[in-house]
Amino acid sequence: MTELLKGKNAIIYGGGGGIGSGAARAFAREGAKVFLVGRGRERLDAVARDVASGGGSAEVAVVDALDERAVDEHVRGVASRAGSVDVSFNLITRGDVQGTPLVDMTTDDLLRAVVTGLRSSFITARAAARRMVDQGSGVILHLNSASGDGAMPGMGSTGPADAATESFMRYLAAELGPHGVRVCGIWTAGVAETLTREKLAGVAGEHAPRPEAAIEMIAGMAALRRAPRLADVAEVAAFLASDRAAGMTGTMTNVTCGLVLR
């Protein structure tokens, strides 16, 4: 079968993280050259070695996705060396806070994920879009939990952060569409392999459940009676980045195993 992303160059911000590493492996397996971006070289190098061991091609760059100049310079460098920027996927950690009633939250805790998520999405998407418009093609991807279109107690800053980024991406899709550039997103939540004690504690604090308990809880609420797996998300991301999804833009693809039904 033809590789979905053969000959394409994909930048993945947060490429050393759980979903970032899964996307990198899937993109590389489908023929893309992946450019892994993050703030920690050790984790990025580990993913790059994993990609290479599978026969793929990966480059690593230590760049802060909140640093406009650094992101712009990196994208220019990728375009210069590789010839194009075909995919940009922002997966950096936003600093969500959950488990605290909104009336008890601090302003900083509420706004951190909103500002970090929107700022990083804007900076990375803008840098890529400028190249993609010149090329007449390209795909900008993003991911959130679908909380921006819902309302559930205890979700804290996640809903406002999701809504801000998703709204921005829809407007971006409207502006970039006439230039042949697509903007697509993925809804997912509770991806099993990424639910570590450290990650759960970072979001929910000392009251965070154990990973096993969290996965069981998600499975109990999902229509498919299981939590999303890393492969579920990565395979959909590869499809959205490919020409087989050429008719899709300005929309979200639901990869929640039915945790969200819409």
# chains A, B, ... in the order shown; residues from 1 in each chain; ligands from 1
$ residues_around --residues "Ile19 in chain A" --least-positions-apart "5" --cutoff "9 Å" --atoms "only C-alpha atoms" --output "NGL selection string"
:A and (14 or 24 or 91 or 191 or 193-194 or 230 or 233-234)
$ write_last_selection --atoms "C-alpha atoms" --output "PDB file, in the first residue's frame"
ATOM      1  CA  GLY A  14       6.053  18.271  22.123  1.00  0.00           C
ATOM      2  CA  ALA A  24       6.189  10.707  15.296  1.00  0.00           C
ATOM      3  CA  LEU A  91       1.205  18.906  21.332  1.00  0.00           C
ATOM      4  CA  VAL A 191      -5.122   8.143  26.309  1.00  0.00           C
ATOM      5  CA  GLU A 193      -0.419   4.895  27.665  1.00  0.00           C
ATOM      6  CA  THR A 194       0.015   8.548  28.645  1.00  0.00           C
ATOM      7  CA  LEU A 230      -2.033   5.892  21.585  1.00  0.00           C
ATOM      8  CA  VAL A 233      -4.849   8.905  18.062  1.00  0.00           C
ATOM      9  CA  ALA A 234      -1.643   8.566  16.030  1.00  0.00           C
TER      10      ALA A 234
END
$ select_by_dssp --residues "range 100-235 of chain A" --states "alpha helix (DSSP H)" --output "ChimeraX atom specification"
/A:107-135,158-176,197-204,211-221,230-235
$ closest_residue --among "A:Cys184, A:Ala163, A:Val87, A:Val62" --to "Ser137 in chain A" --atoms "only C-alpha atoms"
A:Val87
$ select_by_dssp --residues "range 148-219 of chain A" --states "strand (DSSP E)" --output "list in words"
Val181, Arg182, Val183, Cys184, Gly185, Ile186 and Trp187 of chain A
$ closest_residue --among "A:Asp86, A:Asp149, A:Glu30, A:Glu216" --to "Val183 in chain A" --atoms "only C-alpha atoms"
A:Asp86
$ residues_around --residues "Val133 in chain A" --least-positions-apart "6" --cutoff "9 Å" --atoms "only C-alpha atoms" --output "list in words"
Leu176, His179, Gly180 and Val181 of chain A
$ residues_around --residues "range 55-61 of chain A" --least-positions-apart "3" --cutoff "9 Å" --atoms "only C-alpha atoms" --output "PDB file with N, CA, C and O atoms, in the first residue's frame"
ATOM      1  N   GLY A  15       7.333  16.730  20.769  1.00  0.00           N
ATOM      2  CA  GLY A  15       7.634  15.439  20.156  1.00  0.00           C
ATOM      3  C   GLY A  15       8.222  14.415  21.101  1.00  0.00           C
ATOM      4  O   GLY A  15       8.289  13.235  20.758  1.00  0.00           O
ATOM      5  N   ALA A  24       4.926  10.750  16.032  1.00  0.00           N
ATOM      6  CA  ALA A  24       6.189  10.707  15.296  1.00  0.00           C
ATOM      7  C   ALA A  24       6.415   9.336  14.670  1.00  0.00           C
ATOM      8  O   ALA A  24       6.804   9.227  13.495  1.00  0.00           O
ATOM      9  N   ARG A  25       6.176   8.282  15.435  1.00  0.00           N
ATOM     10  CA  ARG A  25       6.371   6.934  14.901  1.00  0.00           C
ATOM     11  C   ARG A  25       5.401   6.643  13.762  1.00  0.00           C
ATOM     12  O   ARG A  25       5.782   6.055  12.745  1.00  0.00           O
ATOM     13  N   PHE A  27       3.830   8.867  11.781  1.00  0.00           N
ATOM     14  CA  PHE A  27       4.149   9.702  10.621  1.00  0.00           C
ATOM     15  C   PHE A  27       5.347   9.128   9.862  1.00  0.00           C
ATOM     16  O   PHE A  27       5.350   9.064   8.635  1.00  0.00           O
ATOM     17  N   ALA A  28       6.386   8.743  10.619  1.00  0.00           N
ATOM     18  CA  ALA A  28       7.591   8.205   9.985  1.00  0.00           C
ATOM     19  C   ALA A  28       7.292   6.893   9.272  1.00  0.00           C
ATOM     20  O   ALA A  28       7.787   6.634   8.163  1.00  0.00           O
ATOM     21  N   ARG A  29       6.489   6.049   9.904  1.00  0.00           N
ATOM     22  CA  ARG A  29       6.126   4.778   9.290  1.00  0.00           C
ATOM     23  C   ARG A  29       5.371   5.001   7.979  1.00  0.00           C
ATOM     24  O   ARG A  29       5.449   4.193   7.048  1.00  0.00           O
ATOM     25  N   GLU A  30       4.648   6.126   7.899  1.00  0.00           N
ATOM     26  CA  GLU A  30       3.894   6.432   6.691  1.00  0.00           C
ATOM     27  C   GLU A  30       4.707   7.256   5.690  1.00  0.00           C
ATOM     28  O   GLU A  30       4.156   7.785   4.726  1.00  0.00           O
ATOM     29  N   GLY A  31       6.023   7.371   5.938  1.00  0.00           N
ATOM     30  CA  GLY A  31       6.901   7.963   4.941  1.00  0.00           C
ATOM     31  C   GLY A  31       7.338   9.383   5.167  1.00  0.00           C
ATOM     32  O   GLY A  31       8.118   9.930   4.372  1.00  0.00           O
ATOM     33  N   ALA A  32       6.857  10.037   6.238  1.00  0.00           N
ATOM     34  CA  ALA A  32       7.244  11.423   6.492  1.00  0.00           C
ATOM     35  C   ALA A  32       8.613  11.509   7.161  1.00  0.00           C
ATOM     36  O   ALA A  32       9.024  10.598   7.881  1.00  0.00           O
ATOM     37  N   LYS A  33       9.307  12.609   6.914  1.00  0.00           N
ATOM     38  CA  LYS A  33      10.466  12.948   7.721  1.00  0.00           C
ATOM     39  C   LYS A  33       9.955  13.798   8.864  1.00  0.00           C
ATOM     40  O   LYS A  33       9.250  14.794   8.629  1.00  0.00           O
ATOM     41  N   VAL A  34      10.253  13.406  10.097  1.00  0.00           N
ATOM     42  CA  VAL A  34       9.708  14.116  11.248  1.00  0.00           C
ATOM     43  C   VAL A  34      10.778  14.985  11.895  1.00  0.00           C
ATOM     44  O   VAL A  34      11.939  14.596  12.017  1.00  0.00           O
ATOM     45  N   PHE A  35      10.343  16.164  12.300  1.00  0.00           N
ATOM     46  CA  PHE A  35      11.197  17.123  12.986  1.00  0.00           C
ATOM     47  C   PHE A  35      10.625  17.290  14.391  1.00  0.00           C
ATOM     48  O   PHE A  35       9.562  17.884  14.575  1.00  0.00           O
ATOM     49  N   LEU A  36      11.317  16.712  15.357  1.00  0.00           N
ATOM     50  CA  LEU A  36      10.837  16.667  16.738  1.00  0.00           C
ATOM     51  C   LEU A  36      11.305  17.896  17.492  1.00  0.00           C
ATOM     52  O   LEU A  36      12.498  18.179  17.564  1.00  0.00           O
ATOM     53  N   VAL A  37      10.359  18.619  18.083  1.00  0.00           N
ATOM     54  CA  VAL A  37      10.665  19.862  18.780  1.00  0.00           C
ATOM     55  C   VAL A  37      10.196  19.769  20.225  1.00  0.00           C
ATOM     56  O   VAL A  37       9.106  19.246  20.507  1.00  0.00           O
ATOM     57  N   GLY A  38      10.999  20.265  21.135  1.00  0.00           N
ATOM     58  CA  GLY A  38      10.627  20.283  22.542  1.00  0.00           C
ATOM     59  C   GLY A  38      11.696  20.987  23.345  1.00  0.00           C
ATOM     60  O   GLY A  38      12.670  21.516  22.801  1.00  0.00           O
ATOM     61  N   ARG A  39      11.535  20.972  24.664  1.00  0.00           N
ATOM     62  CA  ARG A  39      12.485  21.674  25.532  1.00  0.00           C
ATOM     63  C   ARG A  39      13.489  20.741  26.184  1.00  0.00           C
ATOM     64  O   ARG A  39      14.429  21.195  26.811  1.00  0.00           O
ATOM     65  N   ARG A  41      16.108  17.692  25.406  1.00  0.00           N
ATOM     66  CA  ARG A  41      16.770  16.926  24.350  1.00  0.00           C
ATOM     67  C   ARG A  41      16.768  15.423  24.614  1.00  0.00           C
ATOM     68  O   ARG A  41      16.650  14.619  23.685  1.00  0.00           O
ATOM     69  N   LEU A  44      13.593  13.834  23.414  1.00  0.00           N
ATOM     70  CA  LEU A  44      13.509  13.956  21.959  1.00  0.00           C
ATOM     71  C   LEU A  44      14.457  12.978  21.279  1.00  0.00           C
ATOM     72  O   LEU A  44      14.092  12.324  20.289  1.00  0.00           O
ATOM     73  N   ASP A  45      15.681  12.879  21.801  1.00  0.00           N
ATOM     74  CA  ASP A  45      16.660  11.956  21.219  1.00  0.00           C
ATOM     75  C   ASP A  45      16.181  10.510  21.315  1.00  0.00           C
ATOM     76  O   ASP A  45      16.404   9.709  20.403  1.00  0.00           O
ATOM     77  N   VAL A  47      13.071   9.455  21.267  1.00  0.00           N
ATOM     78  CA  VAL A  47      12.048   9.241  20.241  1.00  0.00           C
ATOM     79  C   VAL A  47      12.695   9.144  18.863  1.00  0.00           C
ATOM     80  O   VAL A  47      12.324   8.303  18.043  1.00  0.00           O
ATOM     81  N   ALA A  48      13.687   9.998  18.607  1.00  0.00           N
ATOM     82  CA  ALA A  48      14.379   9.966  17.313  1.00  0.00           C
ATOM     83  C   ALA A  48      15.053   8.621  17.078  1.00  0.00           C
ATOM     84  O   ALA A  48      15.025   8.084  15.968  1.00  0.00           O
ATOM     85  N   ARG A  49      15.661   8.074  18.129  1.00  0.00           N
ATOM     86  CA  ARG A  49      16.292   6.752  17.992  1.00  0.00           C
ATOM     87  C   ARG A  49      15.237   5.687  17.699  1.00  0.00           C
ATOM     88  O   ARG A  49      15.471   4.769  16.894  1.00  0.00           O
ATOM     89  N   ASP A  50      14.092   5.812  18.356  1.00  0.00           N
ATOM     90  CA  ASP A  50      13.014   4.850  18.137  1.00  0.00           C
ATOM     91  C   ASP A  50      12.516   4.929  16.693  1.00  0.00           C
ATOM     92  O   ASP A  50      12.283   3.899  16.042  1.00  0.00           O
ATOM     93  N   VAL A  51      12.374   6.144  16.180  1.00  0.00           N
ATOM     94  CA  VAL A  51      11.944   6.336  14.801  1.00  0.00           C
ATOM     95  C   VAL A  51      12.974   5.731  13.846  1.00  0.00           C
ATOM     96  O   VAL A  51      12.631   5.021  12.893  1.00  0.00           O
ATOM     97  N   ALA A  52      14.249   5.998  14.113  1.00  0.00           N
ATOM     98  CA  ALA A  52      15.315   5.488  13.246  1.00  0.00           C
ATOM     99  C   ALA A  52      15.373   3.965  13.265  1.00  0.00           C
ATOM    100  O   ALA A  52      15.632   3.336  12.238  1.00  0.00           O
ATOM    101  N   HIS A  74      13.346  28.141  13.478  1.00  0.00           N
ATOM    102  CA  HIS A  74      13.359  26.693  13.250  1.00  0.00           C
ATOM    103  C   HIS A  74      12.560  26.323  12.005  1.00  0.00           C
ATOM    104  O   HIS A  74      13.020  25.507  11.180  1.00  0.00           O
TER     105      HIS A  74
END
$ atom_distance --atom1 "CA of His142 in chain A" --atom2 "CA of Thr93 in chain A"
12.2 Å
$ closest_residue --among "A:Pro228, A:Gly117, A:Gly156, A:Pro178" --to "Gly99 in chain A" --atoms "only C-alpha atoms"
A:Gly156
$ closest_residue --among "A:Leu143, A:Ala10, A:Ala113, A:Val103" --to "Ala79 in chain A" --atoms "only C-alpha atoms"
A:Ala10
$ closest_atom_pairs --of "range 83-152 of chain A" --to "range 6-9 of chain A" --cutoff "12 Å" --atoms "only C-alpha atoms" --output "JSON lines"
{"residue": "A:Gly83", "atom": "CA", "partner": "A:Asn9", "partner_atom": "CA", "distance": 8.5}
{"residue": "A:Ser84", "atom": "CA", "partner": "A:Asn9", "partner_atom": "CA", "distance": 6.6}
{"residue": "A:Val85", "atom": "CA", "partner": "A:Asn9", "partner_atom": "CA", "distance": 5.5}
{"residue": "A:Asp86", "atom": "CA", "partner": "A:Asn9", "partner_atom": "CA", "distance": 5.2}
{"residue": "A:Val87", "atom": "CA", "partner": "A:Asn9", "partner_atom": "CA", "distance": 6.3}
{"residue": "A:Ser88", "atom": "CA", "partner": "A:Asn9", "partner_atom": "CA", "distance": 8.8}
{"residue": "A:Phe89", "atom": "CA", "partner": "A:Asn9", "partner_atom": "CA", "distance": 11.3}
{"residue": "A:Ala128", "atom": "CA", "partner": "A:Asn9", "partner_atom": "CA", "distance": 11.4}
{"residue": "A:Met132", "atom": "CA", "partner": "A:Asn9", "partner_atom": "CA", "distance": 11.5}
{"residue": "A:Ser137", "atom": "CA", "partner": "A:Lys8", "partner_atom": "CA", "distance": 11.0}
{"residue": "A:Gly138", "atom": "CA", "partner": "A:Lys8", "partner_atom": "CA", "distance": 9.4}
{"residue": "A:Val139", "atom": "CA", "partner": "A:Lys8", "partner_atom": "CA", "distance": 10.6}
$ residues_around --residues "Arg130 in chain A" --least-positions-apart "4" --cutoff "10 Å" --atoms "only C-alpha atoms" --output "ChimeraX atom specification"
/A:72,75-76,85,125-126,134-135,176
$ write_last_selection --atoms "N, CA, C and O atoms" --output "short mmCIF file (atom, residue, chain, number, x, y, z; two decimals), in the first residue's frame"
data_model
loop_
_atom_site.label_atom_id
_atom_site.label_comp_id
_atom_site.auth_asym_id
_atom_site.auth_seq_id
_atom_site.Cartn_x
_atom_site.Cartn_y
_atom_site.Cartn_z
N ASP A 72 10.03 30.65 14.64
CA ASP A 72 10.15 31.14 13.27
C ASP A 72 11.47 30.71 12.64
O ASP A 72 11.50 30.28 11.47
N VAL A 75 11.39 26.91 11.84
CA VAL A 75 10.56 26.60 10.67
C VAL A 75 11.28 27.04 9.38
O VAL A 75 11.26 26.30 8.38
N ARG A 76 11.91 28.19 9.41
CA ARG A 76 12.67 28.62 8.24
C ARG A 76 13.78 27.63 7.93
O ARG A 76 14.04 27.31 6.76
N VAL A 85 7.46 22.61 4.39
CA VAL A 85 6.86 22.27 5.69
C VAL A 85 5.45 21.84 5.38
O VAL A 85 4.59 22.66 5.02
N ALA A 125 1.41 27.67 14.55
CA ALA A 125 0.57 27.64 13.35
C ALA A 125 0.91 28.79 12.42
O ALA A 125 0.95 28.62 11.19
N ARG A 126 1.16 29.95 12.97
CA ARG A 126 1.49 31.11 12.14
C ARG A 126 2.78 30.88 11.36
O ARG A 126 2.87 31.15 10.15
N ASP A 134 2.81 29.98 0.85
CA ASP A 134 3.73 30.12 -0.29
C ASP A 134 3.77 28.83 -1.12
O ASP A 134 3.89 28.88 -2.36
N GLN A 135 3.67 27.68 -0.44
CA GLN A 135 3.70 26.39 -1.13
C GLN A 135 2.38 26.08 -1.84
O GLN A 135 2.33 25.31 -2.79
N LEU A 176 -7.07 30.30 5.73
CA LEU A 176 -6.04 29.59 4.98
C LEU A 176 -6.59 28.69 3.88
O LEU A 176 -5.87 28.32 2.95
#
$ closest_atom_pairs --of "range 174-226 of chain A" --to "range 243-262 of chain A" --cutoff "10 Å" --atoms "only C-alpha atoms" --output "tab-separated table"
residue	atom	partner	partner_atom	distance
A:Ala174	CA	A:Gly250	CA	7.1
A:Leu176	CA	A:Thr249	CA	9.7
A:Gly177	CA	A:Thr249	CA	7.7
A:Gly180	CA	A:Ala246	CA	9.4
A:Val181	CA	A:Thr249	CA	8.5
A:Arg182	CA	A:Thr249	CA	5.1
A:Val183	CA	A:Thr249	CA	5.1
A:Cys184	CA	A:Thr249	CA	5.3
A:Gly185	CA	A:Met252	CA	4.5
A:Ile186	CA	A:Thr253	CA	4.8
A:Trp187	CA	A:Asn254	CA	4.9
A:Thr188	CA	A:Thr256	CA	4.6
A:Ala189	CA	A:Thr256	CA	5.9
A:Gly190	CA	A:Thr256	CA	8.1
A:Val191	CA	A:Thr256	CA	8.5
A:Ile218	CA	A:Leu259	CA	7.3
A:Ala219	CA	A:Leu259	CA	8.1
A:Gly220	CA	A:Leu259	CA	9.1
A:Met221	CA	A:Leu259	CA	6.0
A:Ala222	CA	A:Leu259	CA	4.0
A:Ala223	CA	A:Gly258	CA	4.5
A:Leu224	CA	A:Cys257	CA	5.4
A:Arg225	CA	A:Cys257	CA	7.6
A:Arg226	CA	A:Cys257	CA	6.7
$ atom_distance --atom1 "CA of Pro153 in chain A" --atom2 "CA of Leu102 in chain A"
8.7 Å
$ atom_distance --atom1 "CA of Leu195 in chain A" --atom2 "CA of Pro211 in chain A"
5.5 Å
$ residues_around --residues "Thr165 in chain A" --least-positions-apart "3" --cutoff "12 Å" --atoms "only C-alpha atoms" --output "ChimeraX atom specification"
/A:90,94,113-123,125,141-149,158-162,168-172,183-186,252
$ write_last_selection --atoms "N, CA and C atoms" --output "compact mmCIF listing (two decimals), in the first residue's frame"
# COMPACT_ATOMS: atom_id res chain seq x y z
N ASN A 90 0.95 20.73 17.02
CA ASN A 90 1.31 21.27 18.33
C ASN A 90 0.74 20.39 19.44
N ARG A 94 0.09 22.23 28.37
CA ARG A 94 -0.43 23.57 28.62
C ARG A 94 -0.41 23.98 30.08
N ALA A 113 -3.42 27.48 31.30
CA ALA A 113 -3.64 26.60 30.15
C ALA A 113 -4.23 27.35 28.97
N VAL A 114 -5.10 28.31 29.26
CA VAL A 114 -5.71 29.09 28.18
C VAL A 114 -4.64 29.85 27.41
N VAL A 115 -3.80 30.57 28.15
CA VAL A 115 -2.79 31.41 27.51
C VAL A 115 -1.70 30.56 26.86
N THR A 116 -1.22 29.56 27.56
CA THR A 116 -0.16 28.71 27.00
C THR A 116 -0.64 27.97 25.77
N GLY A 117 -1.83 27.40 25.85
CA GLY A 117 -2.37 26.66 24.71
C GLY A 117 -2.60 27.54 23.50
N LEU A 118 -3.23 28.69 23.72
CA LEU A 118 -3.54 29.58 22.61
C LEU A 118 -2.27 30.22 22.05
N ARG A 119 -1.37 30.64 22.92
CA ARG A 119 -0.13 31.28 22.46
C ARG A 119 0.73 30.31 21.65
N SER A 120 0.92 29.11 22.16
CA SER A 120 1.76 28.15 21.44
C SER A 120 1.11 27.74 20.12
N SER A 121 -0.20 27.58 20.13
CA SER A 121 -0.90 27.23 18.88
C SER A 121 -0.78 28.34 17.85
N PHE A 122 -0.91 29.57 18.31
CA PHE A 122 -0.81 30.71 17.40
C PHE A 122 0.61 30.83 16.82
N ILE A 123 1.60 30.75 17.69
CA ILE A 123 2.98 30.92 17.25
C ILE A 123 3.41 29.83 16.26
N ALA A 125 1.41 27.67 14.55
CA ALA A 125 0.57 27.64 13.35
C ALA A 125 0.91 28.79 12.42
N LEU A 141 -2.29 20.73 12.48
CA LEU A 141 -3.08 19.87 13.36
C LEU A 141 -3.02 20.36 14.80
N HIS A 142 -4.08 20.11 15.53
CA HIS A 142 -4.09 20.39 16.97
C HIS A 142 -4.94 19.34 17.67
N LEU A 143 -4.89 19.33 18.98
CA LEU A 143 -5.57 18.30 19.77
C LEU A 143 -6.09 18.89 21.06
N ASN A 144 -7.31 18.50 21.44
CA ASN A 144 -7.82 18.86 22.77
C ASN A 144 -8.80 17.79 23.24
N SER A 145 -9.42 18.04 24.38
CA SER A 145 -10.23 16.99 25.01
C SER A 145 -11.72 17.09 24.72
N ALA A 146 -12.14 18.06 23.90
CA ALA A 146 -13.55 18.32 23.60
C ALA A 146 -14.29 18.97 24.75
N SER A 147 -13.57 19.35 25.80
CA SER A 147 -14.22 19.97 26.95
C SER A 147 -14.72 21.38 26.66
N GLY A 148 -14.20 22.00 25.61
CA GLY A 148 -14.62 23.35 25.28
C GLY A 148 -16.06 23.44 24.84
N ASP A 149 -16.64 22.32 24.44
CA ASP A 149 -18.02 22.31 23.98
C ASP A 149 -18.93 21.57 24.96
N THR A 158 -9.45 23.35 31.78
CA THR A 158 -9.38 22.60 30.52
C THR A 158 -10.43 23.05 29.51
N GLY A 159 -11.66 23.25 29.94
CA GLY A 159 -12.72 23.68 29.01
C GLY A 159 -12.41 25.02 28.36
N PRO A 160 -12.10 26.06 29.14
CA PRO A 160 -11.77 27.35 28.53
C PRO A 160 -10.56 27.26 27.59
N ALA A 161 -9.55 26.47 27.96
CA ALA A 161 -8.36 26.34 27.12
C ALA A 161 -8.70 25.65 25.81
N ASP A 162 -9.47 24.57 25.88
CA ASP A 162 -9.88 23.86 24.67
C ASP A 162 -10.67 24.79 23.75
N PHE A 168 -9.84 29.53 17.64
CA PHE A 168 -8.76 30.12 16.83
C PHE A 168 -8.50 29.28 15.59
N MET A 169 -8.44 27.97 15.74
CA MET A 169 -8.14 27.09 14.61
C MET A 169 -9.23 27.12 13.56
N ARG A 170 -10.49 27.25 13.97
CA ARG A 170 -11.58 27.36 12.98
C ARG A 170 -11.42 28.62 12.13
N TYR A 171 -11.13 29.72 12.79
CA TYR A 171 -10.94 30.97 12.06
C TYR A 171 -9.72 30.89 11.15
N LEU A 172 -8.67 30.23 11.62
CA LEU A 172 -7.47 30.05 10.81
C LEU A 172 -7.80 29.23 9.57
N VAL A 183 -6.67 22.99 8.19
CA VAL A 183 -6.49 23.05 9.64
C VAL A 183 -7.48 22.07 10.26
N CYS A 184 -6.97 21.05 10.91
CA CYS A 184 -7.83 20.00 11.47
C CYS A 184 -7.44 19.72 12.92
N GLY A 185 -8.39 19.20 13.68
CA GLY A 185 -8.12 18.87 15.07
C GLY A 185 -8.62 17.50 15.46
N ILE A 186 -8.15 17.06 16.60
CA ILE A 186 -8.53 15.76 17.15
C ILE A 186 -9.04 15.96 18.56
N MET A 252 -13.17 18.96 13.84
CA MET A 252 -12.55 18.09 14.83
C MET A 252 -12.94 16.64 14.54
$ closest_residue --among "A:Ile215, A:Ala241, A:Ala26, A:Ala201" --to "Gly95 in chain A" --atoms "only C-alpha atoms"
A:Ala201
